[in-house]
Amino acid sequence: MLRSRRLPEYNVRIDTDTCTVCKACVIQCTFDVFSYMKIENKISIDESKCVDCHRCMIYCPDKSISITPTPIQYRPNASWNKESIHNIMKQAESGGILLTSMGCDKPNYNYFDRLLINASQVTNPSIDPIREPMEVKTYLGRKPDKLTISDNNGDSIIETSESPQLLLETPIMFSAMSLGSVNINVQESLAMAAASSGTYQNIGEGGLHPRLKKYAKNLIVQVASGRYGVHKKYLDTGAAVEIKIGQGAKPGIGGHLPGEKITKEISEARRIPAGTDAISPAPQHDIYSIEDLSQLIHAIKEATEYSKPVIVKIAAVHNSAAIASGIARSGADIIAIDGMRASTGAAPLVMRDNVGIPIEMAIASVDTRLNQEGIRDKISIIAGGGIRSSSDAFKIIALGADACYISTVALIAMGCTVCQKCHTGKCPWGLTTMNPSISIRINPKMESKRVANLVRAWTLEIKDMLGGMGINSIESLRGNRHQLRGVGLSEQEMEILGVRPAGI
Amino acid sequence: MMIITHNGHIIAIRYIYVFQFFNSSEIKLSESARQLVNKPLKSVQRQNNPYKDEKVIDSCSIFGMMDQNKKLFAGNDIIEASASMNQRANGLGSGYAVYGLYPKYWNNYAFHIMYDDKEALDWGSKFIESNFDIIFDEEIPMDIHGIHKHVPIMRRYFTNIDLDNLDEIKEDEYLVNKCLEMNTSGKGAYVFSSGKNMGVFKGVGWPQEIAKIFRLDEYKGYLWLSHSRFPTNSRAWWGGAHPFAHLESTVVHNGEISSYGTNRRFLEMKGYRCTFQTDTEIFALALDYLQRKHQLPVEIIAKIFAPPLWKDIEKMSESERNLLRRLRITYDKLLMNGPFSIIFANHGLMVGLADRLKLRPIIAARRKDMLLLSSEEAAIIKILPDIDDVHHPKGGEPVIARCHEGFAS
Ligand code: SF4
Ligand code: SF4
């Protein structure tokens with residue numbers, strides 16, 4: 001590779017007055033910024049490798065380390081900022097696709113921050129969630145058009161049969177993160193948190209690790225283009241099966257887990273030889289059309305004896321509304337839509353930042369289309385990709401989703417500082433790495449508590465917001481766009497979102 | 001009672017119901033009705049919602065009384081009861097629904113129509129004439145002596161639908177579509193009731209004032225509803241007063257539902273059009289959907305509008321739990337969330353219901369065969385001091401009053 005012409009992005013300093021040369025930083029930094037020089041008995045620093053993950057600062061017992069962005073800037077230029085110049089330099093050096101991870105980091109695709117929530121005053125009372133019951137229980141699945149209830153000597157009998165449903169104690173679920181993109185400690189933490197919070201963890205397409213089996217009630221298993229680890233028992237294990245068509249961070253492309261990451265553990269779960277590359281093709285090669293999807297849905301339903309809902313996950317793209325309408329008619333019970341700000345373990349930068357549409361717009365247009373076609377009840381909607389807070393979750397439900405998927409949020413709860421280096425496999429917080437000496441940094445017992453705390457806190461906040469608007473059950477928020485107002489949006493954007501501007 | 005469900009479970013359910021309203025099978029919207037749904041709204045919204053609020057908010061008093069033997073009685077009592085709750089209103093709208101008042105024309109659709117002006121009247125009369133068989137029509141008798149405000153022209157038409165091979169369902173659909181067509185025509189004509197042997201009288205004013213204008217002391221009915229309004233919208237419109245009628249059902253309502261956006265979106269998906277932008281209309285349409293199209297009994301509908309809490313459902317017997325859980329999941333978007341009390345009526349039926357937290361009042365009482373529902377107990381005592389029985393229903397607990405079987409209306 002050609003020599004880099006980029007200066008380090010961060011300055012890493014150790015305060016030698018307080019440093020005791022305990023070497024904690026040498027152990028903690030997975031990017032080899034620090035090394036111990038025995039003869040001088042001091043730490044040497046290669047700051048060009050630093051990714052600003054904060055691991056060393058947090059774990060330095062004497063708090064002697066400081067990381068600051070390099071003050072040197074290129075000459076100010078609206079077209080040519082540091083990022084665009086560096087990207088070109090990197091590609092000129094490597095001749096390859098720029099890889100990155102996590103979600104799109106550009107500010108301009110966010111609508112959540114331009115939507116405001118309503119509250120009750122005078123004409124109807126707000127409800128105090130501390131004193132009054134506040135319901136957030138959510139059922140996901142297909143609903144019948146009508147319930148036929150017949151009378152048998154004064155008793156009511158429901159004659160309409162019921163489609164399988166997923167019961168959520170709170171409308172927050174954990175989005176797919178496969179074994180391989182994260183390690184088993186992370187998956188187990190999430191599974192424990194899902195079980196204690198009454199929600200579900202999607203285990204992604206990396207097969208099922210034996211350690212997860214005991215959380216089966218709270219797992220969603222995925223069938224993706226690689227079909228890794230998919231067999232009858234696997235389908236039977238989960239509470240629901242998700243067919244993954246695409247993901248928001250990289251719509252239209254597949255995945256590639258390099259052979260070095262295929263450890264024995266992963267080879268067993270994925271059912272492929274250790275050390276071979278695991279390539280997930282871009283499309284599912286048995287789904288080239290909507291009728292193919294319908295066949296797969298029904299094949300899975302047959303295999304699982306119609307006992308569990310089938311989810312179809314798509315990336316939010318320009319014609320999501322039409323696609324969703326097709327999916328609703330194809331026999332799926334739930335559709336998961338992944339917005340363009342969704343995270344990933346590895347994706348080409350150009351895809352992550354340019355392909356797809358924001359989740360707010362996708363949910364708004366999908367919900368509207370399904371309503372217009374009179375089939376909104378035929379399918380539940382899970383929204384993912386870009387949800388950062390309870391208010392985002394709340395707003396997306398008001399726009400029309402039934403529940404939301406989170407993943408970056410859960411990773412942050414477990415330590416992630418969004419350094420966007422997951423694709424390197426060196427995650428300093430032990431999350432997106434398969435290296436057992438690093439993944440040990442995640443203790444499922446402890447980390448699951450943080451994740452469960454987060455879900456609990458968000459649920460409390462959602463209840464507060466509901467109570468504020470005088471609603472005591474989450475179903476009355478679904479699609480209730482009257483409770484939202486837009487600021488700084490064009491008329492057309494407001495029309496798509498179905499909201500009025502603040503003030504009227 | 002033991003019953004076997006589709007999946008073979010033996011269950012017992014305590015919900016009892018005995019009546020059916022209309023035929024089964026759902027109404028499919030005709031192409032013309034679909035087009036209508038997509039047409040921009042004119043007259044009704046402009047008049048009822050001059051400031052283009054997202055919806056019109058009002059609060060009020062409601063009252064209902066019914067003789068279970070269908071014995072006809074005059075409206076004096078209900079007028080007095082309604083007037084006794086004047087502090088719950090601001091004189092910007094009152095109204096009455098009366099069942100059994102047109103025995104002579106008992107089998108004809110009785111249109112009550114208000115017109116902005118003479119031009120609207122001519123247009124509207126032609127419209128009725130060309131779409132229905134008019135048996136008899138006249139100006140609604142009114143006494144506007146000493147009334148110093150604009151009173152719209154009011155006319156009533158007793159009609160038949162003269163179309164070949166129309167079954168009851170198709171007739172209903174035809175009627176609903178024609179009323180919708182008139183109300184959204186922008187011509188200044190507004191149908192405010194159209195059922196058989198029932199009628200709505202309403203307008204801008206205090207209850208006693210509206211009763212005087214419409215000379216209600218001259219009518220007798222076996223079931224009366226009344227409503228007195230406190231709109232937050234200062235420019236009240238005669239058509240915006242309650243009761244709201246849809247076919248033969250009428251609704252009076254007190255409160256504001258915060259789930260309006262969800263409820264409305266759902267009803268619009270099912271082909272309804274929300275022309276008035278009020279909560280009351282949402283109730284009227286939801287009732288039509290559940291009662292007429294889905295054939296659900298009022299006991300069940302009450303559990304859809306104001307379902308028990310999940311934690312209480314968990315504690316019920318398996319059969320009840322299953323029923324209530326399925327109802328909540330299937331009809332989640334018709335949960336009416338926020339404060340409300342309503343009285344809805346149809347021939348032979350009067351039902352009172354408050355929201356599940358009971359944030360709005362409703363009281364039931366009985367005196368022999370007379371059943372009463374009111375926002376306030378004082379209003380009942382005022383007209384019937386010696387009531388036999390008073391009941392304060394819990395939130396979500398419906399009070400259902402039915403006429404005895406075998407009495408013709
Ligand atoms: S990469 Fe992380 S651990 Fe290493 S020096 Fe930078 S901030 Fe510290
Ligand atoms: S998961 Fe790890 S590597 Fe990825 S962004 Fe977070 S801290 Fe960085």
# chains A, B, ... in the order shown; residues from 1 in each chain; ligands from 1
>>> residues_around(residues="Ser249 of chain B", least_positions_apart="6", cutoff="10 Å", atoms="only C-alpha atoms", output="list in words")
Ala97, Ser193, Ser194, Gly195, Met198, Pro243, Ala284, Leu285, Leu287, Asp288, Gln291, Phe344, Ala345, Asn346, His347, Leu349 and Met350 of chain B
>>> write_last_selection(atoms="N, CA and C atoms", output="short mmCIF file (atom, residue, chain, number, x, y, z; two decimals), in the first residue's frame")
data_model
loop_
_atom_site.label_atom_id
_atom_site.label_comp_id
_atom_site.auth_asym_id
_atom_site.auth_seq_id
_atom_site.Cartn_x
_atom_site.Cartn_y
_atom_site.Cartn_z
N ALA B 97 -83.12 14.47 20.05
CA ALA B 97 -83.51 13.41 19.11
C ALA B 97 -84.77 12.78 19.69
N SER B 193 -81.18 14.71 9.85
CA SER B 193 -81.62 13.37 10.20
C SER B 193 -82.43 12.79 9.06
N SER B 194 -82.44 11.47 8.96
CA SER B 194 -83.05 10.85 7.79
C SER B 194 -83.67 9.49 8.08
N GLY B 195 -83.80 9.12 9.38
CA GLY B 195 -84.32 7.80 9.72
C GLY B 195 -85.84 7.75 9.71
N MET B 198 -88.27 8.85 13.37
CA MET B 198 -87.39 9.51 14.35
C MET B 198 -86.98 10.85 13.75
N PRO B 243 -77.89 16.28 18.63
CA PRO B 243 -77.34 14.96 18.32
C PRO B 243 -76.89 14.84 16.86
N ALA B 284 -70.38 8.25 16.03
CA ALA B 284 -71.50 7.85 15.19
C ALA B 284 -71.03 6.87 14.12
N LEU B 285 -69.89 7.17 13.50
CA LEU B 285 -69.41 6.32 12.41
C LEU B 285 -68.88 4.98 12.96
N LEU B 287 -69.88 3.50 15.57
CA LEU B 287 -71.07 2.71 15.92
C LEU B 287 -71.66 2.05 14.68
N ASP B 288 -71.74 2.81 13.61
CA ASP B 288 -72.27 2.26 12.38
C ASP B 288 -71.43 1.08 11.93
N GLN B 291 -71.81 -1.80 14.77
CA GLN B 291 -73.15 -2.28 15.02
C GLN B 291 -73.79 -2.82 13.75
N PHE B 344 -76.06 6.80 23.13
CA PHE B 344 -76.48 6.57 21.76
C PHE B 344 -77.78 5.79 21.75
N ALA B 345 -78.53 6.02 20.71
CA ALA B 345 -79.85 5.43 20.67
C ALA B 345 -80.17 4.93 19.28
N ASN B 346 -81.14 4.07 19.23
CA ASN B 346 -81.68 3.57 17.99
C ASN B 346 -83.10 3.16 18.36
N HIS B 347 -83.89 2.74 17.41
CA HIS B 347 -85.24 2.35 17.79
C HIS B 347 -85.19 1.24 18.84
N LEU B 349 -83.68 1.17 21.72
CA LEU B 349 -82.42 0.97 22.44
C LEU B 349 -81.81 2.31 22.85
N MET B 350 -81.35 2.36 24.08
CA MET B 350 -80.62 3.55 24.54
C MET B 350 -79.45 3.08 25.39
#
>>> closest_atom_pairs(of="segment 146-190 of chain A", to="segment 320-334 of chain B", cutoff="8 Å", atoms="only C-alpha atoms", output="CSV")
residue,atom,partner,partner_atom,distance
A:Lys146,CA,B:Thr330,CA,7.3
A:Leu147,CA,B:Thr330,CA,7.4
A:Ile157,CA,B:Leu323,CA,7.8
A:Ile158,CA,B:Leu323,CA,7.0
>>> residues_around(residues="Arg55 of chain A", least_positions_apart="6", cutoff="10 Å", atoms="only C-alpha atoms", output="number ranges by chain")
A: 25, 28-30, 415-417, 427-429
>>> closest_residue(among="B:Lys293, B:Lys382, B:Arg367, B:Lys394", to="chain A", atoms="only C-alpha atoms")
B:Lys293
>>> residues_around(residues="Ser391 of chain A", least_positions_apart="4", cutoff="8 Å", atoms="only C-alpha atoms", output="PDB file with C-alpha atoms, in the first residue's frame")
ATOM      1  CA  LYS A 395     -42.899   9.834  17.001  1.00  0.00           C
ATOM      2  CA  GLU A 461     -40.709   8.224  29.130  1.00  0.00           C
ATOM      3  CA  ILE A 462     -43.162   6.915  26.543  1.00  0.00           C
TER       4      ILE A 462
END
>>> closest_atom_pairs(of="chain A", to="chain B", cutoff="7 Å", atoms="only C-alpha atoms", output="CSV")
residue,atom,partner,partner_atom,distance
A:Thr123,CA,B:Glu256,CA,6.7
A:Asn124,CA,B:Glu256,CA,5.9
A:Tyr139,CA,B:Ile329,CA,6.8
A:Lys143,CA,B:Thr330,CA,5.7
A:Pro144,CA,B:Thr330,CA,6.7
A:Lys146,CA,B:His294,CA,6.6
A:Gly154,CA,B:Ile16,CA,4.5
A:Asp155,CA,B:Ile13,CA,5.0
A:Ser156,CA,B:Ile13,CA,6.0
A:Ile157,CA,B:Thr5,CA,6.6
A:Ile158,CA,B:Leu323,CA,7.0
A:Glu159,CA,B:His6,CA,6.4
A:Asn371,CA,B:Met269,CA,5.1
A:Gln372,CA,B:Met269,CA,6.0
A:Gly374,CA,B:Met269,CA,5.1
A:Met469,CA,B:Ser258,CA,6.9
A:Gly470,CA,B:Gly338,CA,5.7
A:Ile471,CA,B:Asn337,CA,5.7
A:Asn472,CA,B:Asn337,CA,6.9
A:Glu475,CA,B:Asp332,CA,6.0
A:Ser476,CA,B:Ser259,CA,4.9
A:Leu477,CA,B:Thr262,CA,6.6
A:Arg478,CA,B:Thr262,CA,6.2
A:Gly479,CA,B:Thr262,CA,5.4
A:Asn480,CA,B:Gly261,CA,4.4
A:Arg481,CA,B:Gly261,CA,6.2
A:His482,CA,B:Gly261,CA,5.2
A:Ile504,CA,B:Asp53,CA,6.9
>>> write_last_selection(atoms="N, CA and C atoms", output="PDB file, in the first residue's frame")
ATOM      1  N   THR A 123     -59.237  21.222  27.700  1.00  0.00           N
ATOM      2  CA  THR A 123     -60.400  20.534  27.147  1.00  0.00           C
ATOM      3  C   THR A 123     -60.370  19.034  27.398  1.00  0.00           C
ATOM      4  N   ASN A 124     -59.200  18.484  27.588  1.00  0.00           N
ATOM      5  CA  ASN A 124     -59.150  17.113  28.095  1.00  0.00           C
ATOM      6  C   ASN A 124     -57.988  17.027  29.072  1.00  0.00           C
ATOM      7  N   TYR A 139     -49.368  -5.918  20.553  1.00  0.00           N
ATOM      8  CA  TYR A 139     -49.424  -7.189  19.841  1.00  0.00           C
ATOM      9  C   TYR A 139     -49.035  -6.950  18.386  1.00  0.00           C
ATOM     10  N   LYS A 143     -54.270  -8.992  11.577  1.00  0.00           N
ATOM     11  CA  LYS A 143     -55.575  -8.931  12.255  1.00  0.00           C
ATOM     12  C   LYS A 143     -56.679  -9.293  11.282  1.00  0.00           C
ATOM     13  N   PRO A 144     -57.731  -9.917  11.777  1.00  0.00           N
ATOM     14  CA  PRO A 144     -58.847 -10.209  10.868  1.00  0.00           C
ATOM     15  C   PRO A 144     -59.586  -8.911  10.534  1.00  0.00           C
ATOM     16  N   LYS A 146     -62.708  -8.593  10.550  1.00  0.00           N
ATOM     17  CA  LYS A 146     -63.775  -8.442  11.529  1.00  0.00           C
ATOM     18  C   LYS A 146     -63.836  -9.681  12.396  1.00  0.00           C
ATOM     19  N   GLY A 154     -76.717 -17.259  25.035  1.00  0.00           N
ATOM     20  CA  GLY A 154     -76.318 -16.128  25.860  1.00  0.00           C
ATOM     21  C   GLY A 154     -74.815 -15.993  26.063  1.00  0.00           C
ATOM     22  N   ASP A 155     -74.047 -16.919  25.551  1.00  0.00           N
ATOM     23  CA  ASP A 155     -72.599 -16.793  25.666  1.00  0.00           C
ATOM     24  C   ASP A 155     -72.009 -16.398  24.321  1.00  0.00           C
ATOM     25  N   SER A 156     -70.929 -15.633  24.379  1.00  0.00           N
ATOM     26  CA  SER A 156     -70.314 -15.170  23.137  1.00  0.00           C
ATOM     27  C   SER A 156     -69.174 -16.080  22.729  1.00  0.00           C
ATOM     28  N   ILE A 157     -69.172 -16.455  21.484  1.00  0.00           N
ATOM     29  CA  ILE A 157     -68.075 -17.280  20.983  1.00  0.00           C
ATOM     30  C   ILE A 157     -67.477 -16.572  19.780  1.00  0.00           C
ATOM     31  N   ILE A 158     -66.154 -16.474  19.758  1.00  0.00           N
ATOM     32  CA  ILE A 158     -65.483 -15.877  18.612  1.00  0.00           C
ATOM     33  C   ILE A 158     -65.282 -16.962  17.571  1.00  0.00           C
ATOM     34  N   GLU A 159     -65.843 -16.746  16.413  1.00  0.00           N
ATOM     35  CA  GLU A 159     -65.708 -17.766  15.369  1.00  0.00           C
ATOM     36  C   GLU A 159     -64.511 -17.523  14.474  1.00  0.00           C
ATOM     37  N   ASN A 371     -53.248   2.251   4.437  1.00  0.00           N
ATOM     38  CA  ASN A 371     -54.575   2.750   4.804  1.00  0.00           C
ATOM     39  C   ASN A 371     -55.422   3.014   3.577  1.00  0.00           C
ATOM     40  N   GLN A 372     -54.807   3.672   2.600  1.00  0.00           N
ATOM     41  CA  GLN A 372     -55.557   3.975   1.372  1.00  0.00           C
ATOM     42  C   GLN A 372     -56.057   2.704   0.705  1.00  0.00           C
ATOM     43  N   GLY A 374     -56.748   0.071   2.278  1.00  0.00           N
ATOM     44  CA  GLY A 374     -57.634  -0.641   3.204  1.00  0.00           C
ATOM     45  C   GLY A 374     -57.028  -1.913   3.767  1.00  0.00           C
ATOM     46  N   MET A 469     -50.549  13.691  26.779  1.00  0.00           N
ATOM     47  CA  MET A 469     -51.557  14.010  25.755  1.00  0.00           C
ATOM     48  C   MET A 469     -52.915  13.385  26.095  1.00  0.00           C
ATOM     49  N   GLY A 470     -53.028  12.837  27.292  1.00  0.00           N
ATOM     50  CA  GLY A 470     -54.337  12.337  27.737  1.00  0.00           C
ATOM     51  C   GLY A 470     -54.688  10.977  27.173  1.00  0.00           C
ATOM     52  N   ILE A 471     -53.667  10.220  26.804  1.00  0.00           N
ATOM     53  CA  ILE A 471     -53.897   8.886  26.250  1.00  0.00           C
ATOM     54  C   ILE A 471     -53.352   7.874  27.242  1.00  0.00           C
ATOM     55  N   ASN A 472     -54.097   6.789  27.511  1.00  0.00           N
ATOM     56  CA  ASN A 472     -53.571   5.831  28.478  1.00  0.00           C
ATOM     57  C   ASN A 472     -53.313   4.456  27.878  1.00  0.00           C
ATOM     58  N   GLU A 475     -52.141   1.955  21.817  1.00  0.00           N
ATOM     59  CA  GLU A 475     -52.805   1.783  20.519  1.00  0.00           C
ATOM     60  C   GLU A 475     -53.457   3.071  20.027  1.00  0.00           C
ATOM     61  N   SER A 476     -53.749   3.967  20.964  1.00  0.00           N
ATOM     62  CA  SER A 476     -54.371   5.226  20.559  1.00  0.00           C
ATOM     63  C   SER A 476     -53.346   6.229  20.052  1.00  0.00           C
ATOM     64  N   LEU A 477     -52.082   5.842  20.090  1.00  0.00           N
ATOM     65  CA  LEU A 477     -51.049   6.707  19.513  1.00  0.00           C
ATOM     66  C   LEU A 477     -50.742   6.294  18.072  1.00  0.00           C
ATOM     67  N   ARG A 478     -50.999   5.021  17.766  1.00  0.00           N
ATOM     68  CA  ARG A 478     -50.598   4.494  16.459  1.00  0.00           C
ATOM     69  C   ARG A 478     -51.258   5.236  15.309  1.00  0.00           C
ATOM     70  N   GLY A 479     -50.444   5.838  14.484  1.00  0.00           N
ATOM     71  CA  GLY A 479     -50.974   6.567  13.339  1.00  0.00           C
ATOM     72  C   GLY A 479     -51.700   7.843  13.729  1.00  0.00           C
ATOM     73  N   ASN A 480     -51.573   8.258  14.971  1.00  0.00           N
ATOM     74  CA  ASN A 480     -52.273   9.456  15.458  1.00  0.00           C
ATOM     75  C   ASN A 480     -51.421  10.688  15.146  1.00  0.00           C
ATOM     76  N   ARG A 481     -51.355  11.023  13.874  1.00  0.00           N
ATOM     77  CA  ARG A 481     -50.460  12.103  13.450  1.00  0.00           C
ATOM     78  C   ARG A 481     -50.978  13.465  13.886  1.00  0.00           C
ATOM     79  N   HIS A 482     -52.233  13.483  14.336  1.00  0.00           N
ATOM     80  CA  HIS A 482     -52.774  14.733  14.873  1.00  0.00           C
ATOM     81  C   HIS A 482     -51.982  15.183  16.087  1.00  0.00           C
ATOM     82  N   ILE A 504     -50.859  25.684  13.969  1.00  0.00           N
ATOM     83  CA  ILE A 504     -52.251  25.510  13.525  1.00  0.00           C
ATOM     84  C   ILE A 504     -52.688  24.054  13.702  1.00  0.00           C
TER      85      ILE A 504
END
>>> atom_distance(atom1="atom CA of Asn177 of chain B", atom2="atom CA of Tyr115 of chain B")
18.8 Å
>>> residues_near_ligand(ligand="ligand 1", cutoff="9 Å", atoms="only C-alpha atoms and all ligand atoms", output="NGL selection string")
:A and (10-12 or 25-34 or 45-47 or 49-59 or 65-67 or 419 or 428)
>>> closest_residue(among="A:Ile474, A:Ala78, A:Cys104, A:Ile396", to="ligand 2", atoms="only C-alpha atoms and all ligand atoms")
A:Cys104
>>> residues_around(residues="Lys220 of chain B", least_positions_apart="2", cutoff="8 Å", atoms="only C-alpha atoms", output="ChimeraX atom specification")
/B:72-75,98,100-101,217-218,222
>>> select_by_dssp(residues="segment 11-252 of chain A", states="helix (DSSP H, G or I)", output="VMD selection string")
chain A and resid 24 to 28 47 to 49 55 to 59 82 to 94 107 to 109 112 to 114 184 to 197 210 to 218 232 to 237
>>> residues_around(residues="Leu460 of chain A", least_positions_apart="5", cutoff="9 Å", atoms="only C-alpha atoms", output="PyMOL selection string")
chain A and resi 129+390+455+465
>>> write_last_selection(atoms="all heavy atoms", output="PDB file, in the first residue's frame")
ATOM      1  N   PRO A 129     -49.055   9.270  34.800  1.00  0.00           N
ATOM      2  CA  PRO A 129     -48.712   7.840  34.716  1.00  0.00           C
ATOM      3  C   PRO A 129     -48.260   7.254  36.049  1.00  0.00           C
ATOM      4  O   PRO A 129     -48.186   6.041  36.209  1.00  0.00           O
ATOM      5  CB  PRO A 129     -47.595   7.790  33.682  1.00  0.00           C
ATOM      6  CG  PRO A 129     -47.114   9.170  33.531  1.00  0.00           C
ATOM      7  CD  PRO A 129     -48.147  10.115  34.040  1.00  0.00           C
ATOM      8  N   SER A 390     -36.434   7.775  23.258  1.00  0.00           N
ATOM      9  CA  SER A 390     -37.834   7.400  23.447  1.00  0.00           C
ATOM     10  C   SER A 390     -38.731   8.318  22.628  1.00  0.00           C
ATOM     11  O   SER A 390     -39.777   7.900  22.147  1.00  0.00           O
ATOM     12  CB  SER A 390     -38.204   7.475  24.916  1.00  0.00           C
ATOM     13  OG  SER A 390     -38.029   8.789  25.391  1.00  0.00           O
ATOM     14  N   VAL A 455     -34.308   0.109  28.342  1.00  0.00           N
ATOM     15  CA  VAL A 455     -35.665  -0.163  27.845  1.00  0.00           C
ATOM     16  C   VAL A 455     -36.680   0.319  28.877  1.00  0.00           C
ATOM     17  O   VAL A 455     -37.696   0.930  28.551  1.00  0.00           O
ATOM     18  CB  VAL A 455     -35.847  -1.667  27.545  1.00  0.00           C
ATOM     19  CG1 VAL A 455     -37.297  -1.982  27.208  1.00  0.00           C
ATOM     20  CG2 VAL A 455     -34.926  -2.089  26.410  1.00  0.00           C
ATOM     21  N   MET A 465     -45.104  10.723  28.045  1.00  0.00           N
ATOM     22  CA  MET A 465     -45.570  11.480  26.873  1.00  0.00           C
ATOM     23  C   MET A 465     -47.018  11.125  26.549  1.00  0.00           C
ATOM     24  O   MET A 465     -47.811  11.998  26.193  1.00  0.00           O
ATOM     25  CB  MET A 465     -44.650  11.231  25.675  1.00  0.00           C
ATOM     26  CG  MET A 465     -43.297  11.908  25.825  1.00  0.00           C
ATOM     27  SD  MET A 465     -42.224  11.645  24.397  1.00  0.00           S
ATOM     28  CE  MET A 465     -41.494  10.065  24.773  1.00  0.00           C
TER      29      MET A 465
END
>>> residues_around(residues="Pro309 of chain A", least_positions_apart="4", cutoff="8 Å", atoms="only C-alpha atoms", output="PyMOL selection string")
chain A and resi 141+163-166+239-241+332-334
>>> write_last_selection(atoms="N, CA and C atoms", output="compact mmCIF listing (two decimals), in the first residue's frame")
# COMPACT_ATOMS: atom_id res chain seq x y z
N GLY A 141 -48.89 -8.67 14.57
CA GLY A 141 -49.37 -9.79 13.76
C GLY A 141 -50.56 -9.33 12.93
N SER A 163 -54.65 -15.24 13.87
CA SER A 163 -53.30 -15.41 13.33
C SER A 163 -52.32 -15.33 14.50
N PRO A 164 -51.17 -15.99 14.37
CA PRO A 164 -50.20 -15.93 15.47
C PRO A 164 -49.75 -14.49 15.74
N GLN A 165 -49.58 -14.17 17.00
CA GLN A 165 -49.23 -12.81 17.40
C GLN A 165 -47.96 -12.83 18.25
N LEU A 166 -47.22 -11.73 18.20
CA LEU A 166 -46.10 -11.53 19.11
C LEU A 166 -46.57 -10.56 20.18
N ALA A 239 -39.56 -17.21 18.35
CA ALA A 239 -40.95 -16.82 18.55
C ALA A 239 -41.53 -16.31 17.23
N ALA A 240 -40.64 -15.87 16.33
CA ALA A 240 -41.06 -15.42 15.00
C ALA A 240 -39.89 -15.65 14.06
N VAL A 241 -40.21 -15.70 12.77
CA VAL A 241 -39.15 -15.86 11.76
C VAL A 241 -39.13 -14.60 10.91
N ALA A 332 -47.27 -12.21 4.59
CA ALA A 332 -46.45 -11.90 5.76
C ALA A 332 -47.33 -11.32 6.86
N ASP A 333 -46.92 -11.51 8.12
CA ASP A 333 -47.70 -11.00 9.24
C ASP A 333 -47.20 -9.64 9.70
N ILE A 334 -45.91 -9.44 9.52
CA ILE A 334 -45.29 -8.21 10.02
C ILE A 334 -44.29 -7.75 8.97
>>> closest_residue(among="A:Met177, A:Ile397, A:Ile272, A:Met192", to="ligand 2", atoms="only C-alpha atoms and all ligand atoms")
A:Met177
>>> closest_residue(among="A:Ile496, A:Ile440, A:Cys422, A:Ala336", to="ligand 2", atoms="only C-alpha atoms and all ligand atoms")
A:Cys422
>>> select_by_dssp(residues="segment 361-459 of chain A", states="strand (DSSP E)", output="list of chain:residue names")
A:Ser380, A:Ile381, A:Ile382, A:Ala383, A:Gly384, A:Ala403, A:Cys404, A:Tyr405, A:Ile406
>>> closest_residue(among="A:Cys404, A:Met102, A:Ala269, A:Val317", to="ligand 2", atoms="only C-alpha atoms and all ligand atoms")
A:Met102
>>> closest_residue(among="B:Ile128, B:Val204, B:Ala379, B:Ala110", to="Phe158 of chain B", atoms="only C-alpha atoms")
B:Ala110
